[in-house]
Amino acid sequence: MSQIGQPNSPIKPPQHVAIIMDGNGRWAKKRGLPRLAGHKAGTENLRRIISASVEFGVQYLTIYAFSTENWGRPRDEVDGLMRIVEDVIEKELNELDEQGVQLRHLGKLDQLSLNLQKKVLAAVDRTRNNSRLVLNIAFNYGGRDEIIHAIRQILVDGIKPEDVSPELVSHYLYTAGIPDPDLIIRTSGELRISNFLIWQGAYSEWYVTPTYWPDFGKNELRKALDEYANRDRRYGKVDSSEYEGSHV
Ligand code: IPE
Ligand code: IPE
Ligand code: MG
């Protein structure tokens with residue numbers, strides 16, 4: 001069977017892939033390393049997955065990098081994670097820009113250091129006209145926080161109750177203008193959503209692998225996309241061929 005990313009592949013990749021990049025800590029522990037070494041290895045892997053996503057023709061890639069609940073981790077780990085994002089923006093921005101990647105941030109900026117806020121805003125601004133891949137970085141992101149933020153804004157704008165629709169709510173989310181994820185991947189085997197895209201993921205397909213995030217390479221991504229290509233998305237309806245067959 002043809003595979004995504006293979007020459008002459010007729011398979012269409014999902015338009016929007018979202019990833020819960022989990023398992024950095026366990027990856028490090030298995031090697032007797034500190035958790036932050038796992039986060040660094042995870043960042044290296046992210047570079048591979050961004051390039052592979054561009055190569056496979058994915059148009060939107062959303063990555064869960066830091067949740068609103070991750071503030072509850074030990075101070076050292078939180079500080080280390082903040083430093084890693086700053087570093088990544090500094091070191092990778094040129095290459096991302098050259099690859100045609102448009103960066104977007106999902107989440108609340110104001111709890112981050114002023115320096116990090118400035119770097120995020122500058123990176124978003126610099127890449128705003130790129131269109132090869134939209135990379136949404138969910139950082140200080142939580143689905144419940146996002147919905148509360150949207151409700152508050154809807155109230156501030158004086159929207160009438162009868163005008164509240166799924167489209168309107170979507171428009172008030174951090175992901176406004178971005179199609180819902182077709183495929184959500186979670187590494188490291190956990191079977192939970194952990195406050196990620198709880199509105200947008202209503203009809204996403206799921207792919208969970210036991211592989212820890214730093215080891216989730218290009219071939220694993222291809223496998224996930226190939227599996228997605230064989231899924232039957234019904235959105236609560238019945239398969240049209242089945243319907244015709246049973247209908248007299
Ligand atoms: C995911 O890896 C990265 C972040 C949440 C920042 P973890 O740090 O959650 O790794 P595990 O789940 O402890 O192995
Ligand atoms: C989800 O992973 C958050 C990120 C990957 C950034 P967690 O490791 O924080 O989730 P739980 O605690 O296992 O649910
Ligand atoms: Mg985890």
# chains A, B, ... in the order shown; residues from 1 in each chain; ligands from 1

$ residues_near_ligand --ligand "ligand 1" --cutoff "6 Å" --atoms "only C-alpha atoms and all ligand atoms" --output "ChimeraX atom specification"
/A:21-26,65-66

$ residues_around --residues "Val120 (chain A)" --least-positions-apart "4" --cutoff "9 Å" --atoms "only C-alpha atoms" --output "list in words"
Glu86, Ile89, Leu103, Arg104, His105, Leu109, Asn115, Leu116, Val124 and Asp125 of chain A

$ write_last_selection --atoms "N, CA, C and O atoms" --output "short mmCIF file (atom, residue, chain, number, x, y, z; two decimals), in the first residue's frame"
data_model
loop_
_atom_site.label_atom_id
_atom_site.label_comp_id
_atom_site.auth_asym_id
_atom_site.auth_seq_id
_atom_site.Cartn_x
_atom_site.Cartn_y
_atom_site.Cartn_z
N GLU A 86 12.97 29.69 25.40
CA GLU A 86 13.69 30.91 24.98
C GLU A 86 14.83 30.55 24.04
O GLU A 86 15.00 31.19 23.00
N ILE A 89 13.61 29.46 20.57
CA ILE A 89 13.20 30.59 19.73
C ILE A 89 14.44 31.26 19.17
O ILE A 89 14.54 31.55 17.97
N LEU A 103 4.74 30.79 12.87
CA LEU A 103 4.58 30.43 14.28
C LEU A 103 3.37 31.14 14.88
O LEU A 103 3.14 32.32 14.63
N ARG A 104 2.61 30.37 15.66
CA ARG A 104 1.52 30.99 16.42
C ARG A 104 1.59 30.49 17.84
O ARG A 104 2.05 29.38 18.10
N HIS A 105 1.15 31.31 18.78
CA HIS A 105 1.16 30.89 20.18
C HIS A 105 -0.28 30.67 20.64
O HIS A 105 -1.15 31.49 20.37
N LEU A 109 -0.13 34.60 27.52
CA LEU A 109 1.26 35.09 27.51
C LEU A 109 1.64 35.77 28.82
O LEU A 109 2.78 35.72 29.24
N ASN A 115 10.68 39.05 29.05
CA ASN A 115 11.63 38.72 28.00
C ASN A 115 11.08 37.64 27.07
O ASN A 115 11.14 37.77 25.84
N LEU A 116 10.50 36.61 27.68
CA LEU A 116 9.94 35.51 26.87
C LEU A 116 8.73 36.01 26.07
O LEU A 116 8.58 35.69 24.88
N VAL A 124 6.34 35.46 16.31
CA VAL A 124 5.04 35.37 15.65
C VAL A 124 4.96 36.45 14.55
O VAL A 124 4.55 36.17 13.42
N ASP A 125 5.42 37.63 14.90
CA ASP A 125 5.35 38.73 13.95
C ASP A 125 6.26 38.48 12.73
O ASP A 125 5.85 38.66 11.59
#

$ residues_around --residues "Ala150 (chain A)" --least-positions-apart "6" --cutoff "8 Å" --atoms "only C-alpha atoms" --output "list in words"
Val169, Tyr172 and Leu173 of chain A

$ residues_near_ligand --ligand "ligand 3" --cutoff "12 Å" --atoms "only C-alpha atoms and all ligand atoms" --output "ChimeraX atom specification"
/A:20-28,35,38-39,42,64-67,69-70,73,186-194,212-213

$ closest_residue --among "A:Leu183, A:Leu96, A:Ile84, A:Ile19" --to "ligand 2" --atoms "only C-alpha atoms and all ligand atoms"
A:Ile19

$ closest_residue --among "A:Ile63, A:Ile154, A:Ile159, A:Leu93" --to "ligand 2" --atoms "only C-alpha atoms and all ligand atoms"
A:Ile63

$ closest_residue --among "A:Phe196, A:Phe216, A:Trp206, A:Phe56" --to "ligand 2" --atoms "only C-alpha atoms and all ligand atoms"
A:Phe196

$ select_by_dssp --residues "region 41-221 of chain A" --states "alpha helix (DSSP H)" --output "PyMOL selection string"
chain A and resi 41-56+75-98+114-126+143-156+166-172+218-221

$ atom_distance --atom1 "CA of Ile4 (chain A)" --atom2 "CA of Gln102 (chain A)"
22.6 Å

$ closest_residue --among "A:Gly100, A:Tyr174, A:Leu114, A:Asn195" --to "ligand 2" --atoms "only C-alpha atoms and all ligand atoms"
A:Asn195

$ residues_around --residues "Asn130 (chain A)" --least-positions-apart "2" --cutoff "10 Å" --atoms "only C-alpha atoms" --output "list in words"
Leu96, Asp97, Glu98, Gln99, Gly100, Val101, Gln102, Leu103, Arg126, Thr127, Arg128, Arg132, Leu133 and Val134 of chain A

$ write_last_selection --atoms "all heavy atoms" --output "short mmCIF file (atom, residue, chain, number, x, y, z; two decimals), in the first residue's frame"
data_model
loop_
_atom_site.label_atom_id
_atom_site.label_comp_id
_atom_site.auth_asym_id
_atom_site.auth_seq_id
_atom_site.Cartn_x
_atom_site.Cartn_y
_atom_site.Cartn_z
N LEU A 96 13.43 28.08 10.97
CA LEU A 96 11.98 27.92 10.83
C LEU A 96 11.44 28.90 9.79
O LEU A 96 10.63 28.55 8.93
CB LEU A 96 11.29 28.14 12.18
CG LEU A 96 11.51 27.04 13.22
CD1 LEU A 96 10.95 27.46 14.59
CD2 LEU A 96 10.86 25.72 12.79
N ASP A 97 11.92 30.12 9.87
CA ASP A 97 11.49 31.15 8.94
C ASP A 97 11.87 30.75 7.50
O ASP A 97 11.05 30.84 6.58
CB ASP A 97 12.16 32.48 9.34
CG ASP A 97 11.51 33.67 8.67
OD1 ASP A 97 10.35 33.55 8.24
OD2 ASP A 97 12.17 34.72 8.56
N GLU A 98 13.10 30.25 7.34
CA GLU A 98 13.53 29.81 6.00
C GLU A 98 12.71 28.65 5.47
O GLU A 98 12.48 28.53 4.26
CB GLU A 98 15.02 29.43 6.01
CG GLU A 98 15.92 30.63 5.85
CD GLU A 98 17.35 30.34 6.28
OE1 GLU A 98 17.75 29.15 6.27
OE2 GLU A 98 18.04 31.31 6.62
N GLN A 99 12.29 27.77 6.37
CA GLN A 99 11.47 26.62 5.96
C GLN A 99 10.03 27.03 5.61
O GLN A 99 9.24 26.21 5.18
CB GLN A 99 11.38 25.59 7.09
CG GLN A 99 12.57 24.65 7.21
CD GLN A 99 12.33 23.61 8.31
OE1 GLN A 99 12.19 23.94 9.48
NE2 GLN A 99 12.25 22.35 7.93
N GLY A 100 9.69 28.29 5.86
CA GLY A 100 8.34 28.76 5.56
C GLY A 100 7.34 28.45 6.66
O GLY A 100 6.14 28.32 6.42
N VAL A 101 7.85 28.33 7.89
CA VAL A 101 6.96 28.00 9.02
C VAL A 101 6.40 29.29 9.63
O VAL A 101 7.14 30.22 9.94
CB VAL A 101 7.73 27.20 10.10
CG1 VAL A 101 6.86 26.96 11.33
CG2 VAL A 101 8.22 25.86 9.53
N GLN A 102 5.09 29.31 9.80
CA GLN A 102 4.44 30.43 10.48
C GLN A 102 4.19 30.03 11.92
O GLN A 102 3.53 29.02 12.19
CB GLN A 102 3.11 30.75 9.80
CG GLN A 102 2.38 31.92 10.43
CD GLN A 102 0.96 32.08 9.90
OE1 GLN A 102 0.02 32.23 10.66
NE2 GLN A 102 0.79 32.04 8.59
N LEU A 103 4.74 30.79 12.87
CA LEU A 103 4.58 30.43 14.28
C LEU A 103 3.37 31.14 14.88
O LEU A 103 3.14 32.32 14.63
CB LEU A 103 5.81 30.89 15.06
CG LEU A 103 7.06 30.03 14.94
CD1 LEU A 103 8.22 30.72 15.60
CD2 LEU A 103 6.82 28.68 15.61
N ARG A 126 7.47 38.01 13.02
CA ARG A 126 8.43 37.81 11.92
C ARG A 126 7.96 36.75 10.92
O ARG A 126 8.26 36.84 9.73
CB ARG A 126 9.77 37.40 12.52
CG ARG A 126 10.77 37.02 11.46
CD ARG A 126 12.18 36.97 11.97
NE ARG A 126 13.00 36.22 11.04
CZ ARG A 126 14.17 35.73 11.33
NH1 ARG A 126 14.69 35.92 12.53
NH2 ARG A 126 14.85 35.06 10.43
N THR A 127 7.23 35.74 11.40
CA THR A 127 6.87 34.62 10.51
C THR A 127 5.43 34.71 10.00
O THR A 127 4.94 33.78 9.37
CB THR A 127 7.05 33.28 11.26
OG1 THR A 127 6.21 33.27 12.42
CG2 THR A 127 8.49 33.05 11.68
N ARG A 128 4.76 35.83 10.28
CA ARG A 128 3.31 35.90 10.02
C ARG A 128 2.92 35.66 8.56
O ARG A 128 1.80 35.21 8.28
CB ARG A 128 2.74 37.23 10.51
CG ARG A 128 3.29 38.45 9.79
CD ARG A 128 2.85 39.75 10.46
NE ARG A 128 1.44 39.71 10.80
CZ ARG A 128 0.93 40.20 11.94
NH1 ARG A 128 1.71 40.73 12.83
NH2 ARG A 128 -0.37 40.15 12.15
N ARG A 132 3.97 27.71 4.49
CA ARG A 132 4.22 26.29 4.20
C ARG A 132 3.64 25.41 5.30
O ARG A 132 3.01 24.39 5.05
CB ARG A 132 5.74 26.09 4.09
CG ARG A 132 6.17 24.76 3.61
CD ARG A 132 6.81 24.82 2.24
NE ARG A 132 7.09 23.50 1.72
CZ ARG A 132 8.30 22.97 1.68
NH1 ARG A 132 9.35 23.64 2.12
NH2 ARG A 132 8.47 21.76 1.20
N LEU A 133 3.86 25.81 6.54
CA LEU A 133 3.32 25.07 7.71
C LEU A 133 3.00 26.08 8.79
O LEU A 133 3.81 26.95 9.10
CB LEU A 133 4.38 24.10 8.23
CG LEU A 133 4.02 23.36 9.53
CD1 LEU A 133 3.07 22.20 9.25
CD2 LEU A 133 5.26 22.82 10.24
N VAL A 134 1.79 25.97 9.35
CA VAL A 134 1.46 26.80 10.51
C VAL A 134 1.77 25.97 11.75
O VAL A 134 1.24 24.88 11.92
CB VAL A 134 -0.03 27.23 10.51
CG1 VAL A 134 -0.38 28.00 11.78
CG2 VAL A 134 -0.34 28.07 9.27
#

$ decode --residues "region 107-151 of chain A" --atoms "N, CA and C atoms" --output "mmCIF file, in the first residue's frame"
data_model
loop_
_atom_site.group_PDB
_atom_site.id
_atom_site.type_symbol
_atom_site.label_atom_id
_atom_site.label_comp_id
_atom_site.auth_asym_id
_atom_site.auth_seq_id
_atom_site.Cartn_x
_atom_site.Cartn_y
_atom_site.Cartn_z
ATOM 1 N N GLY A 107 -2.403 30.130 24.088
ATOM 2 C CA GLY A 107 -2.320 30.160 25.545
ATOM 3 C C GLY A 107 -2.191 31.580 26.056
ATOM 4 N N LYS A 108 -1.938 31.670 27.373
ATOM 5 C CA LYS A 108 -1.830 32.996 28.000
ATOM 6 C C LYS A 108 -0.377 33.421 28.051
ATOM 7 N N LEU A 109 -0.128 34.600 27.516
ATOM 8 C CA LEU A 109 1.259 35.092 27.505
ATOM 9 C C LEU A 109 1.639 35.768 28.816
ATOM 10 N N ASP A 110 0.611 36.391 29.456
ATOM 11 C CA ASP A 110 0.973 37.326 30.536
ATOM 12 C C ASP A 110 1.586 36.701 31.793
ATOM 13 N N GLN A 111 1.555 35.359 31.925
ATOM 14 C CA GLN A 111 2.216 34.772 33.093
ATOM 15 C C GLN A 111 3.684 34.447 32.805
ATOM 16 N N LEU A 112 4.115 34.713 31.597
ATOM 17 C CA LEU A 112 5.506 34.416 31.239
ATOM 18 C C LEU A 112 6.374 35.648 31.506
ATOM 19 N N SER A 113 7.686 35.442 31.577
ATOM 20 C CA SER A 113 8.581 36.581 31.836
ATOM 21 C C SER A 113 8.459 37.567 30.674
ATOM 22 N N LEU A 114 8.731 38.838 30.971
ATOM 23 C CA LEU A 114 8.605 39.867 29.930
ATOM 24 C C LEU A 114 9.492 39.558 28.730
ATOM 25 N N ASN A 115 10.683 39.053 29.052
ATOM 26 C CA ASN A 115 11.634 38.722 27.998
ATOM 27 C C ASN A 115 11.076 37.644 27.065
ATOM 28 N N LEU A 116 10.496 36.608 27.681
ATOM 29 C CA LEU A 116 9.937 35.511 26.869
ATOM 30 C C LEU A 116 8.726 36.012 26.067
ATOM 31 N N GLN A 117 7.897 36.835 26.704
ATOM 32 C CA GLN A 117 6.736 37.397 25.986
ATOM 33 C C GLN A 117 7.190 38.141 24.730
ATOM 34 N N LYS A 118 8.229 38.962 24.901
ATOM 35 C CA LYS A 118 8.727 39.752 23.765
ATOM 36 C C LYS A 118 9.228 38.840 22.658
ATOM 37 N N LYS A 119 9.970 37.777 23.061
ATOM 38 C CA LYS A 119 10.525 36.868 22.051
ATOM 39 C C LYS A 119 9.420 36.141 21.294
ATOM 40 N N VAL A 120 8.390 35.714 22.030
ATOM 41 C CA VAL A 120 7.284 35.004 21.382
ATOM 42 C C VAL A 120 6.592 35.947 20.392
ATOM 43 N N LEU A 121 6.290 37.162 20.837
ATOM 44 C CA LEU A 121 5.585 38.111 19.968
ATOM 45 C C LEU A 121 6.419 38.450 18.725
ATOM 46 N N ALA A 122 7.730 38.603 18.927
ATOM 47 C CA ALA A 122 8.603 38.935 17.792
ATOM 48 C C ALA A 122 8.649 37.772 16.799
ATOM 49 N N ALA A 123 8.700 36.533 17.317
ATOM 50 C CA ALA A 123 8.765 35.355 16.434
ATOM 51 C C ALA A 123 7.464 35.213 15.639
ATOM 52 N N VAL A 124 6.338 35.459 16.313
ATOM 53 C CA VAL A 124 5.037 35.374 15.647
ATOM 54 C C VAL A 124 4.960 36.447 14.553
ATOM 55 N N ASP A 125 5.425 37.628 14.899
ATOM 56 C CA ASP A 125 5.349 38.733 13.949
ATOM 57 C C ASP A 125 6.262 38.481 12.730
ATOM 58 N N ARG A 126 7.471 38.010 13.021
ATOM 59 C CA ARG A 126 8.429 37.810 11.923
ATOM 60 C C ARG A 126 7.963 36.750 10.918
ATOM 61 N N THR A 127 7.229 35.741 11.396
ATOM 62 C CA THR A 127 6.867 34.621 10.513
ATOM 63 C C THR A 127 5.429 34.711 10.001
ATOM 64 N N ARG A 128 4.764 35.830 10.277
ATOM 65 C CA ARG A 128 3.312 35.904 10.017
ATOM 66 C C ARG A 128 2.919 35.659 8.560
ATOM 67 N N ASN A 129 3.811 35.960 7.611
ATOM 68 C CA ASN A 129 3.442 35.776 6.199
ATOM 69 C C ASN A 129 3.867 34.441 5.620
ATOM 70 N N ASN A 130 4.487 33.579 6.443
ATOM 71 C CA ASN A 130 4.884 32.252 5.955
ATOM 72 C C ASN A 130 3.659 31.354 5.840
ATOM 73 N N SER A 131 3.713 30.430 4.861
ATOM 74 C CA SER A 131 2.482 29.649 4.676
ATOM 75 C C SER A 131 2.718 28.167 4.395
ATOM 76 N N ARG A 132 3.969 27.707 4.486
ATOM 77 C CA ARG A 132 4.224 26.291 4.202
ATOM 78 C C ARG A 132 3.638 25.413 5.303
ATOM 79 N N LEU A 133 3.858 25.809 6.544
ATOM 80 C CA LEU A 133 3.325 25.071 7.706
ATOM 81 C C LEU A 133 2.996 26.081 8.790
ATOM 82 N N VAL A 134 1.791 25.975 9.352
ATOM 83 C CA VAL A 134 1.462 26.805 10.513
ATOM 84 C C VAL A 134 1.773 25.971 11.753
ATOM 85 N N LEU A 135 2.697 26.459 12.580
ATOM 86 C CA LEU A 135 3.091 25.737 13.790
ATOM 87 C C LEU A 135 2.517 26.461 15.006
ATOM 88 N N ASN A 136 1.520 25.824 15.622
ATOM 89 C CA ASN A 136 0.902 26.411 16.812
ATOM 90 C C ASN A 136 1.587 25.844 18.045
ATOM 91 N N ILE A 137 2.149 26.721 18.844
ATOM 92 C CA ILE A 137 2.814 26.247 20.056
ATOM 93 C C ILE A 137 1.908 26.520 21.250
ATOM 94 N N ALA A 138 1.374 25.422 21.820
ATOM 95 C CA ALA A 138 0.514 25.551 22.998
ATOM 96 C C ALA A 138 1.429 25.608 24.215
ATOM 97 N N PHE A 139 1.594 26.784 24.734
ATOM 98 C CA PHE A 139 2.540 26.999 25.834
ATOM 99 C C PHE A 139 1.847 27.861 26.877
ATOM 100 N N ASN A 140 1.788 27.375 28.103
ATOM 101 C CA ASN A 140 0.886 27.940 29.116
ATOM 102 C C ASN A 140 -0.536 27.895 28.551
ATOM 103 N N TYR A 141 -0.863 26.732 28.017
ATOM 104 C CA TYR A 141 -2.158 26.492 27.400
ATOM 105 C C TYR A 141 -2.967 25.488 28.232
ATOM 106 N N GLY A 142 -4.252 25.752 28.362
ATOM 107 C CA GLY A 142 -5.177 24.789 28.948
ATOM 108 C C GLY A 142 -6.508 24.960 28.250
ATOM 109 N N GLY A 143 -7.175 23.852 27.916
ATOM 110 C CA GLY A 143 -8.445 23.940 27.206
ATOM 111 C C GLY A 143 -9.511 24.656 28.027
ATOM 112 N N ARG A 144 -9.541 24.387 29.346
ATOM 113 C CA ARG A 144 -10.557 25.053 30.175
ATOM 114 C C ARG A 144 -10.274 26.543 30.261
ATOM 115 N N ASP A 145 -9.012 26.892 30.420
ATOM 116 C CA ASP A 145 -8.619 28.305 30.469
ATOM 117 C C ASP A 145 -9.023 28.996 29.161
ATOM 118 N N GLU A 146 -8.832 28.302 28.052
ATOM 119 C CA GLU A 146 -9.155 28.870 26.747
ATOM 120 C C GLU A 146 -10.657 29.143 26.626
ATOM 121 N N ILE A 147 -11.463 28.192 27.133
ATOM 122 C CA ILE A 147 -12.914 28.358 27.041
ATOM 123 C C ILE A 147 -13.387 29.493 27.966
ATOM 124 N N ILE A 148 -12.807 29.567 29.157
ATOM 125 C CA ILE A 148 -13.171 30.664 30.077
ATOM 126 C C ILE A 148 -12.805 32.011 29.439
ATOM 127 N N HIS A 149 -11.631 32.071 28.854
ATOM 128 C CA HIS A 149 -11.171 33.294 28.179
ATOM 129 C C HIS A 149 -12.171 33.679 27.084
ATOM 130 N N ALA A 150 -12.638 32.683 26.332
ATOM 131 C CA ALA A 150 -13.594 32.946 25.245
ATOM 132 C C ALA A 150 -14.928 33.441 25.806
ATOM 133 N N ILE A 151 -15.428 32.775 26.861
ATOM 134 C CA ILE A 151 -16.729 33.177 27.427
ATOM 135 C C ILE A 151 -16.655 34.621 27.924
#
